[in-house]
$ cat protein-v6.txt   # compact mmCIF, C-alpha atoms
# COMPACT_ATOMS: atom_id res chain seq x y z
CA MET A 1156 -4.95 -11.33 17.21
CA THR A 1157 -3.13 -10.04 14.10
CA ASN A 1158 -5.30 -6.90 13.97
CA GLU A 1159 -4.24 -6.06 17.55
CA TRP A 1160 -0.51 -6.13 16.82
CA LYS A 1161 1.37 -2.89 17.23
CA LYS A 1162 3.37 -1.54 14.28
CA ARG A 1163 6.80 -3.04 15.05
CA THR A 1164 5.31 -6.47 15.65
CA ALA A 1165 3.39 -6.37 12.38
CA LEU A 1166 6.54 -5.29 10.54
CA VAL A 1167 8.37 -8.40 11.73
CA HIS A 1168 5.59 -10.99 11.50
CA GLY A 1169 2.79 -9.60 9.30
CA GLY A 1170 1.78 -11.66 6.26
CA THR A 1171 4.28 -14.45 6.92
CA ALA A 1172 3.40 -17.77 5.27
CA ARG A 1173 5.73 -20.69 6.02
CA SER A 1174 6.32 -23.74 3.90
CA GLY A 1175 6.36 -27.26 5.29
CA TRP A 1176 9.99 -26.75 6.25
CA GLY A 1177 9.06 -24.21 8.92
CA GLU A 1178 11.71 -21.65 7.95
CA VAL A 1179 12.33 -18.65 10.24
CA SER A 1180 13.22 -16.20 7.47
CA GLU A 1181 10.62 -15.90 4.73
CA ALA A 1182 11.26 -18.19 1.77
CA ILE A 1183 12.14 -16.87 -1.68
CA PHE A 1184 10.04 -18.71 -4.22
CA LEU A 1185 12.13 -18.23 -7.36
CA THR A 1186 9.71 -19.77 -9.79
CA GLN A 1187 7.95 -18.32 -12.79
CA GLY A 1188 5.14 -20.90 -12.83
CA PHE A 1189 3.17 -23.33 -10.70
CA VAL A 1190 2.10 -26.98 -11.07
CA TYR A 1191 -1.50 -28.20 -10.97
CA ASP A 1192 -2.73 -31.58 -9.80
CA SER A 1193 -4.93 -32.01 -12.86
CA ALA A 1194 -6.19 -30.32 -16.01
CA GLU A 1195 -9.42 -29.65 -14.15
CA ALA A 1196 -7.51 -27.94 -11.33
CA ALA A 1197 -5.69 -25.73 -13.85
CA GLU A 1198 -8.98 -24.79 -15.48
CA ALA A 1199 -10.54 -23.94 -12.12
CA ARG A 1200 -7.63 -21.73 -11.10
CA PHE A 1201 -7.77 -19.76 -14.34
CA ILE A 1202 -11.49 -19.22 -13.79
CA GLN A 1203 -11.05 -18.06 -10.19
CA THR A 1204 -7.79 -17.94 -8.25
CA GLY A 1205 -8.34 -18.80 -4.63
CA PRO A 1206 -6.49 -17.52 -1.54
CA ASP A 1207 -2.79 -18.41 -1.68
CA GLU A 1208 -3.16 -19.84 -5.18
CA PHE A 1209 -0.90 -18.69 -7.99
CA ILE A 1210 -0.75 -19.02 -11.77
CA TYR A 1211 2.32 -17.15 -13.01
CA ALA A 1212 4.91 -14.92 -11.34
CA ARG A 1213 3.75 -11.90 -13.35
CA TYR A 1214 0.32 -12.36 -11.73
CA GLY A 1215 1.51 -13.17 -8.21
CA ASN A 1216 3.98 -15.18 -6.15
CA PRO A 1217 4.09 -16.41 -2.53
CA THR A 1218 7.03 -14.19 -1.56
CA VAL A 1219 5.55 -11.15 -3.29
CA SER A 1220 2.21 -11.86 -1.62
CA MET A 1221 3.86 -11.83 1.82
CA PHE A 1222 5.32 -8.40 1.08
CA GLU A 1223 1.98 -7.09 -0.18
CA LYS A 1224 0.14 -8.29 2.92
CA ARG A 1225 2.73 -6.84 5.30
CA ILE A 1226 2.91 -3.40 3.70
CA ALA A 1227 -0.90 -3.25 3.48
CA MET A 1228 -1.07 -4.04 7.19
CA LEU A 1229 1.43 -1.25 7.92
CA GLU A 1230 -0.39 1.31 5.75
CA GLY A 1231 -3.86 0.35 6.94
CA ALA A 1232 -4.96 -0.54 3.41
CA GLU A 1233 -7.18 -3.40 2.36
CA ASP A 1234 -4.75 -4.65 -0.28
CA ALA A 1235 -1.56 -3.92 -2.20
CA PHE A 1236 0.12 -4.73 -5.51
CA ALA A 1237 3.92 -4.82 -5.60
CA THR A 1238 5.63 -3.37 -8.67
CA ALA A 1239 9.05 -3.42 -10.31
CA SER A 1240 9.89 0.16 -9.32
CA GLY A 1241 8.42 3.27 -7.74
CA MET A 1242 7.63 4.71 -11.15
CA ALA A 1243 5.91 1.47 -12.15
CA ALA A 1244 3.69 2.08 -9.12
CA VAL A 1245 2.95 5.70 -10.08
CA SER A 1246 2.31 5.00 -13.75
CA GLY A 1247 0.43 1.77 -13.01
CA ALA A 1248 -1.89 3.35 -10.47
CA LEU A 1249 -2.76 6.23 -12.79
CA THR A 1250 -2.83 4.49 -16.16
CA SER A 1251 -4.90 1.54 -14.92
CA MET A 1252 -7.71 3.85 -13.80
CA LEU A 1253 -7.68 6.52 -16.53
CA LYS A 1254 -8.96 6.64 -20.10
CA ALA A 1255 -9.19 9.19 -22.91
CA GLY A 1256 -11.36 12.14 -21.91
CA ASP A 1257 -10.68 11.84 -18.17
CA HIS A 1258 -9.48 14.84 -16.20
CA VAL A 1259 -6.72 14.83 -13.57
CA VAL A 1260 -5.66 17.64 -11.25
CA ALA A 1261 -2.09 17.36 -9.99
CA ALA A 1262 0.27 19.38 -7.85
CA ARG A 1263 2.99 20.96 -9.98
CA ALA A 1264 5.76 20.21 -7.46
CA LEU A 1265 6.57 16.60 -8.35
CA PHE A 1266 9.53 14.33 -9.03
CA GLY A 1267 10.67 14.74 -12.64
CA SER A 1268 9.49 11.30 -13.79
CA CYS A 1269 6.06 11.85 -12.24
CA LEU A 1270 5.78 15.11 -14.14
CA TYR A 1271 6.72 13.27 -17.34
CA VAL A 1272 4.02 10.62 -16.85
CA LEU A 1273 1.37 13.26 -16.22
CA SER A 1274 2.36 15.88 -18.78
CA GLU A 1275 3.74 13.69 -21.58
CA VAL A 1276 2.41 10.13 -21.34
CA LEU A 1277 -1.17 10.51 -20.10
CA THR A 1278 -1.91 13.52 -22.28
CA ARG A 1279 -0.66 11.60 -25.31
CA TYR A 1280 -3.57 9.21 -24.79
CA GLY A 1281 -6.23 11.86 -24.34
CA VAL A 1282 -6.17 12.47 -20.58
CA GLU A 1283 -6.50 16.14 -19.64
CA VAL A 1284 -4.16 17.23 -16.83
CA THR A 1285 -4.35 20.48 -14.88
CA PHE A 1286 -1.42 21.48 -12.66
CA VAL A 1287 -1.87 23.61 -9.54
CA ASP A 1288 0.21 24.98 -6.69
CA GLY A 1289 -0.28 22.11 -4.26
CA THR A 1290 -0.11 24.37 -1.22
CA ASP A 1291 -2.92 26.64 -2.47
CA LEU A 1292 -6.33 25.17 -1.62
CA GLY A 1293 -8.00 27.86 -3.71
CA GLN A 1294 -6.26 26.53 -6.82
CA TRP A 1295 -7.34 22.97 -6.03
CA GLU A 1296 -10.94 24.12 -5.55
CA ALA A 1297 -10.92 26.05 -8.82
CA ALA A 1298 -9.33 23.21 -10.81
CA ILE A 1299 -11.35 20.22 -9.56
CA ARG A 1300 -14.46 19.85 -11.72
CA PRO A 1301 -17.54 17.64 -11.61
CA ASP A 1302 -15.91 15.47 -14.32
CA THR A 1303 -12.51 15.24 -12.59
CA THR A 1304 -11.52 11.57 -12.32
CA ALA A 1305 -8.51 11.82 -10.00
CA VAL A 1306 -6.17 14.12 -8.14
CA PHE A 1307 -2.48 13.34 -7.67
CA PHE A 1308 0.21 14.84 -5.46
CA GLU A 1309 3.20 14.09 -3.28
CA THR A 1310 2.35 14.51 0.39
CA ILE A 1311 5.77 16.16 0.81
CA ALA A 1312 7.09 17.44 -2.50
CA ASN A 1313 10.43 16.41 -3.97
CA PRO A 1314 12.79 18.27 -3.59
CA THR A 1315 11.38 21.53 -2.18
CA LEU A 1316 9.59 19.85 0.75
CA GLU A 1317 6.28 21.66 0.29
CA VAL A 1318 3.46 19.94 2.18
CA VAL A 1319 0.00 19.40 0.68
CA ASP A 1320 -3.00 19.47 3.01
CA LEU A 1321 -4.12 15.93 2.28
CA GLU A 1322 -7.31 16.10 4.32
CA ALA A 1323 -8.52 19.34 2.71
CA VAL A 1324 -7.68 18.28 -0.86
CA ALA A 1325 -9.35 14.91 -0.27
CA ARG A 1326 -12.54 16.63 0.86
CA LEU A 1327 -12.57 18.79 -2.26
CA ALA A 1328 -11.90 15.80 -4.53
CA HIS A 1329 -14.43 13.50 -2.90
CA ALA A 1330 -17.11 16.16 -3.18
CA HIS A 1331 -16.88 15.63 -6.95
CA GLY A 1332 -16.36 11.86 -6.79
CA ALA A 1333 -12.67 12.05 -7.75
CA THR A 1334 -10.13 9.46 -6.60
CA VAL A 1335 -7.29 10.75 -4.40
CA VAL A 1336 -3.91 9.26 -5.37
CA VAL A 1337 -0.87 10.23 -3.28
CA ASP A 1338 2.84 9.55 -3.65
CA ASN A 1339 3.80 9.13 -0.02
CA VAL A 1340 7.55 8.49 -0.22
CA PHE A 1341 8.74 11.50 1.76
CA ALA A 1342 6.09 11.02 4.45
CA THR A 1343 7.30 7.39 4.84
CA PRO A 1344 5.11 4.40 5.69
CA VAL A 1345 6.21 4.78 9.32
CA PHE A 1346 4.46 8.13 9.82
CA SER A 1347 1.80 7.86 7.14
CA ARG A 1348 -1.87 8.19 8.01
CA ALA A 1349 -2.80 8.91 4.40
CA ILE A 1350 -5.69 6.48 4.02
CA GLU A 1351 -7.17 7.52 7.35
CA GLN A 1352 -6.89 11.14 6.18
CA GLY A 1353 -8.67 10.65 2.86
CA ALA A 1354 -6.31 9.08 0.34
CA ASP A 1355 -7.94 6.39 -1.80
CA VAL A 1356 -4.71 5.15 -3.37
CA VAL A 1357 -1.19 5.37 -1.91
CA VAL A 1358 1.97 4.67 -3.90
CA TYR A 1359 5.52 4.19 -2.68
CA SER A 1360 8.90 3.77 -4.22
CA ALA A 1361 9.96 0.83 -2.06
CA THR A 1362 13.48 1.56 -3.29
CA LYS A 1363 13.58 4.32 -0.70
CA HIS A 1364 12.81 3.76 2.99
CA ILE A 1365 11.26 0.31 2.60
CA ASP A 1366 14.47 -1.24 1.30
CA GLY A 1367 16.42 1.70 2.66
CA GLN A 1368 19.78 0.08 2.10
CA GLY A 1369 20.52 0.71 -1.57
CA ARG A 1370 19.92 -2.84 -2.77
CA ALA A 1371 16.87 -3.08 -5.02
CA LEU A 1372 14.29 -1.21 -7.07
CA GLY A 1373 10.67 -1.71 -6.14
CA GLY A 1374 7.31 -0.04 -5.68
CA VAL A 1375 3.86 -0.70 -4.31
CA ILE A 1376 0.29 0.49 -4.92
CA LEU A 1377 -2.12 0.36 -1.96
CA GLY A 1378 -5.87 0.79 -1.82
CA THR A 1379 -9.14 -1.06 -1.54
CA LYS A 1380 -9.29 -4.72 -2.53
CA GLU A 1381 -11.72 -3.78 -5.29
CA PHE A 1382 -9.30 -1.22 -6.77
CA ILE A 1383 -6.15 -3.34 -6.38
CA ARG A 1384 -7.57 -6.62 -7.69
CA GLY A 1385 -10.19 -5.22 -10.04
CA THR A 1386 -8.31 -2.30 -11.63
CA VAL A 1387 -4.59 -2.45 -10.88
CA GLU A 1388 -3.89 -6.18 -11.05
CA PRO A 1389 -5.37 -6.79 -14.55
CA TYR A 1390 -3.40 -3.85 -15.94
CA MET A 1391 -0.12 -4.72 -14.22
CA LYS A 1392 -0.19 -8.44 -14.96
CA HIS A 1393 -0.78 -7.81 -18.67
CA THR A 1394 1.77 -5.00 -19.00
CA GLY A 1395 4.47 -6.71 -16.94
CA GLY A 1396 5.33 -4.25 -14.18
CA SER A 1397 5.20 -6.70 -11.27
CA MET A 1398 7.84 -7.15 -8.58
CA SER A 1399 10.31 -10.06 -8.68
CA PRO A 1400 10.28 -12.62 -5.82
CA PHE A 1401 13.87 -11.83 -4.85
CA THR A 1402 13.09 -8.12 -4.62
CA ALA A 1403 10.02 -8.89 -2.51
CA TRP A 1404 12.21 -10.85 -0.11
CA VAL A 1405 14.64 -7.90 0.14
CA MET A 1406 11.68 -5.61 0.86
CA LEU A 1407 10.35 -7.97 3.53
CA LYS A 1408 13.71 -7.81 5.26
CA GLY A 1409 13.61 -4.01 4.93
CA LEU A 1410 10.20 -3.80 6.56
CA GLU A 1411 11.49 -5.61 9.64
CA THR A 1412 13.72 -2.64 10.49
CA ILE A 1413 12.01 0.31 8.76
CA ASP A 1414 10.47 1.69 11.96
CA LEU A 1415 13.83 1.71 13.74
CA ARG A 1416 15.71 3.14 10.76
CA VAL A 1417 13.27 5.90 9.85
CA ARG A 1418 12.91 7.11 13.43
CA ALA A 1419 16.70 7.35 13.68
CA GLN A 1420 16.84 9.22 10.35
CA VAL A 1421 14.15 11.67 11.47
CA ALA A 1422 16.04 12.29 14.71
CA GLY A 1423 19.18 13.02 12.67
CA ALA A 1424 17.33 15.33 10.28
CA THR A 1425 15.84 17.22 13.23
CA ALA A 1426 19.20 17.60 14.98
CA LEU A 1427 20.93 18.70 11.77
CA THR A 1428 18.25 21.29 10.99
CA GLU A 1429 18.51 22.75 14.46
CA ALA A 1430 22.31 22.88 14.28
CA LEU A 1431 22.28 24.75 10.95
CA GLN A 1432 19.81 27.48 11.88
CA GLY A 1433 21.29 30.91 11.12
CA HIS A 1434 24.43 29.54 9.43
CA PRO A 1435 25.97 32.39 7.39
CA LYS A 1436 26.67 30.19 4.35
CA LEU A 1437 23.04 29.10 4.00
CA ARG A 1438 20.22 31.16 2.53
CA ARG A 1439 17.62 28.63 3.64
CA VAL A 1440 17.35 25.47 5.69
CA ILE A 1441 14.12 23.69 4.70
CA TYR A 1442 12.71 20.94 6.89
CA PRO A 1443 8.98 20.39 7.43
CA GLY A 1444 9.60 19.12 10.96
CA HIS A 1445 11.14 22.41 12.14
CA PRO A 1446 9.10 25.42 13.36
CA SER A 1447 10.84 27.60 10.74
CA HIS A 1448 9.04 25.74 7.94
CA PRO A 1449 5.91 27.64 6.79
CA GLN A 1450 3.86 24.42 6.95
CA HIS A 1451 5.26 23.03 10.17
CA GLU A 1452 1.87 23.03 11.87
CA LEU A 1453 0.29 21.20 8.93
CA THR A 1454 3.14 18.68 8.90
CA SER A 1455 2.69 18.00 12.60
CA ARG A 1456 -1.04 17.49 12.14
CA LEU A 1457 -0.77 15.18 9.15
CA MET A 1458 2.34 13.15 9.95
CA GLY A 1459 3.66 14.14 13.33
CA LYS A 1460 7.22 14.26 11.98
CA GLY A 1461 8.97 16.01 9.12
CA GLY A 1462 10.55 13.07 7.31
CA THR A 1463 14.14 12.15 6.58
CA VAL A 1464 15.05 14.80 3.99
CA VAL A 1465 16.44 18.30 4.52
CA ALA A 1466 16.90 20.88 1.73
CA LEU A 1467 19.65 23.50 1.89
CA ASP A 1468 20.03 26.56 -0.34
CA LEU A 1469 23.60 27.80 -0.70
CA GLY A 1470 22.79 30.64 -3.08
CA GLY A 1471 24.26 29.46 -6.37
CA GLN A 1472 25.41 26.39 -8.25
CA ALA A 1473 29.11 27.05 -7.71
CA GLU A 1474 28.61 27.28 -3.95
CA ALA A 1475 26.43 24.17 -3.96
CA PHE A 1476 29.02 22.18 -5.91
CA ARG A 1477 31.87 23.28 -3.60
CA PHE A 1478 29.79 22.22 -0.62
CA ILE A 1479 28.88 18.86 -2.11
CA ASN A 1480 32.45 18.10 -3.18
CA ALA A 1481 33.82 18.88 0.30
CA LEU A 1482 31.61 16.34 2.09
CA GLU A 1483 33.38 13.31 3.52
CA ILE A 1484 30.64 11.17 5.09
CA VAL A 1485 27.68 12.17 2.94
CA LEU A 1486 27.60 10.41 -0.44
CA ILE A 1487 26.80 12.05 -3.77
CA SER A 1488 23.95 10.08 -5.33
CA ASN A 1489 20.37 10.61 -6.46
CA ASN A 1490 18.65 8.12 -4.16
CA LEU A 1491 17.08 8.93 -0.79
CA GLY A 1492 15.70 7.18 2.27
CA ASP A 1493 18.92 5.17 2.68
CA THR A 1494 20.80 4.27 5.85
CA LYS A 1495 23.69 6.22 4.30
CA SER A 1496 23.32 10.00 4.09
CA ILE A 1497 23.02 11.06 0.45
CA ILE A 1498 23.12 14.45 -1.22
CA THR A 1499 22.07 15.55 -4.70
CA HIS A 1500 21.79 18.79 -6.66
CA PRO A 1501 18.26 18.60 -8.14
CA ALA A 1502 18.69 21.35 -10.75
CA THR A 1503 21.43 19.38 -12.52
CA THR A 1504 20.30 15.81 -11.78
CA THR A 1505 16.77 14.67 -10.86
CA HIS A 1506 15.05 17.78 -12.29
CA GLN A 1507 17.67 18.69 -14.91
CA ARG A 1508 15.34 18.39 -17.89
CA LEU A 1509 12.79 20.88 -16.58
CA PRO A 1510 12.89 24.30 -18.28
CA ASP A 1511 14.53 27.01 -16.18
CA ASP A 1512 11.28 28.92 -15.73
CA GLN A 1513 9.58 25.77 -14.44
CA LYS A 1514 12.45 25.12 -12.01
CA ALA A 1515 12.14 28.68 -10.77
CA ALA A 1516 8.38 28.32 -10.31
CA LEU A 1517 8.91 25.15 -8.29
CA GLY A 1518 11.64 26.70 -6.13
CA ILE A 1519 14.40 24.48 -7.53
CA THR A 1520 17.11 27.13 -7.42
CA PRO A 1521 20.72 26.69 -8.60
CA GLY A 1522 21.85 26.68 -4.96
CA LEU A 1523 19.37 24.08 -3.70
CA VAL A 1524 20.67 20.71 -2.52
CA ARG A 1525 18.62 17.78 -1.23
CA LEU A 1526 20.09 15.95 1.75
CA SER A 1527 18.66 12.55 2.65
CA VAL A 1528 19.74 11.90 6.24
CA GLY A 1529 20.96 8.40 7.08
CA ILE A 1530 21.56 6.66 10.39
CA GLU A 1531 25.13 7.84 11.00
CA ASP A 1532 26.01 9.36 14.36
CA GLU A 1533 24.35 12.78 14.51
CA GLU A 1534 27.50 14.55 15.78
CA ASP A 1535 29.61 13.09 12.95
CA LEU A 1536 27.04 14.13 10.36
CA ILE A 1537 26.72 17.68 11.70
CA ALA A 1538 30.52 18.02 11.81
CA ASP A 1539 30.77 16.86 8.19
CA ILE A 1540 28.16 19.37 7.04
CA ARG A 1541 29.85 22.19 8.92
CA GLN A 1542 33.31 21.47 7.54
CA ALA A 1543 31.88 21.32 4.01
CA LEU A 1544 30.17 24.67 4.54
CA ASP A 1545 33.52 26.10 5.60
CA ALA A 1546 34.81 25.18 2.13
CA VAL A 1547 32.16 27.31 0.40
$ encode --input "protein-v6.txt" --output "structure tokens"
Amino acid sequence: MTNEWKKRTALVHGGTARSGWGEVSEAIFLTQGFVYDSAEAAEARFIQTGPDEFIYARYGNPTVSMFEKRIAMLEGAEDAFATASGMAAVSGALTSMLKAGDHVVAARALFGSCLYVLSEVLTRYGVEVTFVDGTDLGQWEAAIRPDTTAVFFETIANPTLEVVDLEAVARLAHAHGATVVVDNVFATPVFSRAIEQGADVVVYSATKHIDGQGRALGGVILGTKEFIRGTVEPYMKHTGGSMSPFTAWVMLKGLETIDLRVRAQVAGATALTEALQGHPKLRRVIYPGHPSHPQHELTSRLMGKGGTVVALDLGGQAEAFRFINALEIVLISNNLGDTKSIITHPATTTHQRLPDDQKAALGITPGLVRLSVGIEDEEDLIADIRQALDAV
């Protein structure tokens, strides 16, 4: 029956395991260790851990397991491993599968910390990394080699909102036996069809839409049971990047409402984009879900919707700062995917450390701002944006 549940039902009930008390809300098992009935039982568990058996919280925990099962059910993955943060998921997924001499092809338009892991950390240990324009299939085809181990990209790039053709890149990668790893945060688990479309491994910062309420850091790696338990779990449990039980409980609560929240956020982003078309103070309004976006058709095919983030280009940093400082409802912060609308200036915050020429190549201009749309009333949000634009 579980496999027949529709998405919202699975998000409320999926993976739930109740104790003998029969609690309605999932229990938080705040324990670092577990007790065995005998020395023989302890020995047996260390040889082979059975279903719903646990050894140590760094290896697994009942609350964390519930979150992993529920998010895997939502994503359509065989299994999942929950991590301490989104970057623990990115670095764990890549580092656990790569070794010196391996070759990775990655899109150049990435979150700053992802770029650091690829260009600074992995290369330090002998992994060769080639960066390409993620929107150019010709560059992917030229860069992927017979010895390429993996490809990595954000399905919708942060913060410029470029969209990578997941299906086409996956075909190119799989033709050479390479593993397709995607950071799917901007696509959201609600609209994701990444595994169906060719992704082998999907990573999320659960801090974003999964929690979606500014409470906790978390991440998750999803893939086949063989990859998660055979490759990811040994690496993560020995290096210590696992999720805490309390965080897992927060994420379980977030999953119960993620479908409702994200759909409301997408509706707000769509309405805001439409309202700002042709505004004289804006050089560009960038939203993959709007027909004005150069990859709107691709976005519709891959995800159906354009996500919860809109990018605005006001021309220069001074104009962007005046706009940001005049906002009354929208908060200035560097998070996204929250119920509260949040704005940031990537060139001076999330991507500040990139050289100017690299920012220019990625389209991170001095006037670009990233607006994560929350669940506020659409009319109030549009009015706030308009009055702030009047101040520019």
$ closest_residue --input "protein-v6.txt" --among "A:Val1485, A:Ala1546, A:Ile1226, A:Val1336" --to "Phe1382 (chain A)" --atoms "only C-alpha atoms"
A:Val1336
$ closest_residue --input "protein-v6.txt" --among "A:Glu1283, A:Asp1291, A:Asp1257, A:Asp1414" --to "Thr1343 (chain A)" --atoms "all atoms listed in the file"
A:Asp1414
$ closest_residue --input "protein-v6.txt" --among "A:Thr1334, A:Thr1315, A:Ser1268, A:Gln1294" --to "Gly1378 (chain A)" --atoms "all atoms listed in the file"
A:Thr1334
$ atom_distance --input "protein-v6.txt" --atom1 "CA of Pro1449 (chain A)" --atom2 "CA of Leu1469 (chain A)"
19.2 Å
$ closest_residue --input "protein-v6.txt" --among "A:Met1221, A:Ala1422, A:Leu1437, A:Ala1481" --to "Gly1529 (chain A)" --atoms "all atoms listed in the file"
A:Ala1422
$ residues_near_point --input "protein-v6.txt" --point "(7.2, 1.0, -2.9)" --cutoff "6 Å" --atoms "only C-alpha atoms" --output "JSON, numbers by chain"
{"A": [1241, 1359, 1360, 1361, 1373, 1374, 1375]}
$ closest_residue --input "protein-v6.txt" --among "A:Val1358, A:Ala1342, A:Glu1296, A:Thr1428" --to "Gly1459 (chain A)" --atoms "all atoms listed in the file"
A:Ala1342
$ residues_around --input "protein-v6.txt" --residues "Gly1385 (chain A)" --least-positions-apart "6" --cutoff "12 Å" --atoms "all atoms listed in the file" --output "JSON list (two decimals) with C-alpha atoms, in the frame of the given file"
[["chain", "number", "residue", "atom", "x", "y", "z"],
["A", 1234, "ASP", "CA", -4.75, -4.65, -0.28],
["A", 1235, "ALA", "CA", -1.56, -3.92, -2.20],
["A", 1236, "PHE", "CA", 0.12, -4.73, -5.51],
["A", 1248, "ALA", "CA", -1.89, 3.35, -10.47],
["A", 1251, "SER", "CA", -4.90, 1.54, -14.92],
["A", 1252, "MET", "CA", -7.71, 3.85, -13.80],
["A", 1378, "GLY", "CA", -5.87, 0.79, -1.82],
["A", 1379, "THR", "CA", -9.14, -1.06, -1.54],
["A", 1391, "MET", "CA", -0.12, -4.72, -14.22],
["A", 1392, "LYS", "CA", -0.19, -8.44, -14.96]]
$ residues_around --input "protein-v6.txt" --residues "Gly1470 (chain A)" --least-positions-apart "4" --cutoff "9 Å" --atoms "only C-alpha atoms" --output "number ranges by chain"
A: 1436-1439, 1474-1475, 1520-1523
$ residues_around --input "protein-v6.txt" --residues "Gly1281 (chain A)" --least-positions-apart "3" --cutoff "12 Å" --atoms "all atoms listed in the file" --output "list in words"
Thr1250, Leu1253, Lys1254, Ala1255, Gly1256, Asp1257, His1258, Val1259, Leu1273, Ser1274, Glu1275, Val1276, Leu1277, Thr1278 and Val1284 of chain A
$ residues_near_point --input "protein-v6.txt" --point "(-6.9, 7.4, 0.5)" --cutoff "8 Å" --atoms "all atoms listed in the file" --output "VMD selection string"
chain A and resid 1325 1335 to 1337 1349 to 1357 1378
$ closest_residue --input "protein-v6.txt" --among "A:Ser1180, A:Ser1527, A:Thr1386, A:Thr1186" --to "Phe1341 (chain A)" --atoms "all atoms listed in the file"
A:Ser1527
$ atom_distance --input "protein-v6.txt" --atom1 "CA of Leu1536 (chain A)" --atom2 "CA of Thr1425 (chain A)"
12.0 Å
$ atom_distance --input "protein-v6.txt" --atom1 "CA of Ala1237 (chain A)" --atom2 "CA of Met1398 (chain A)"
5.4 Å
$ residues_around --input "protein-v6.txt" --residues "Tyr1211 (chain A)" --least-positions-apart "6" --cutoff "7 Å" --atoms "all atoms listed in the file" --output "count of residues only"
3
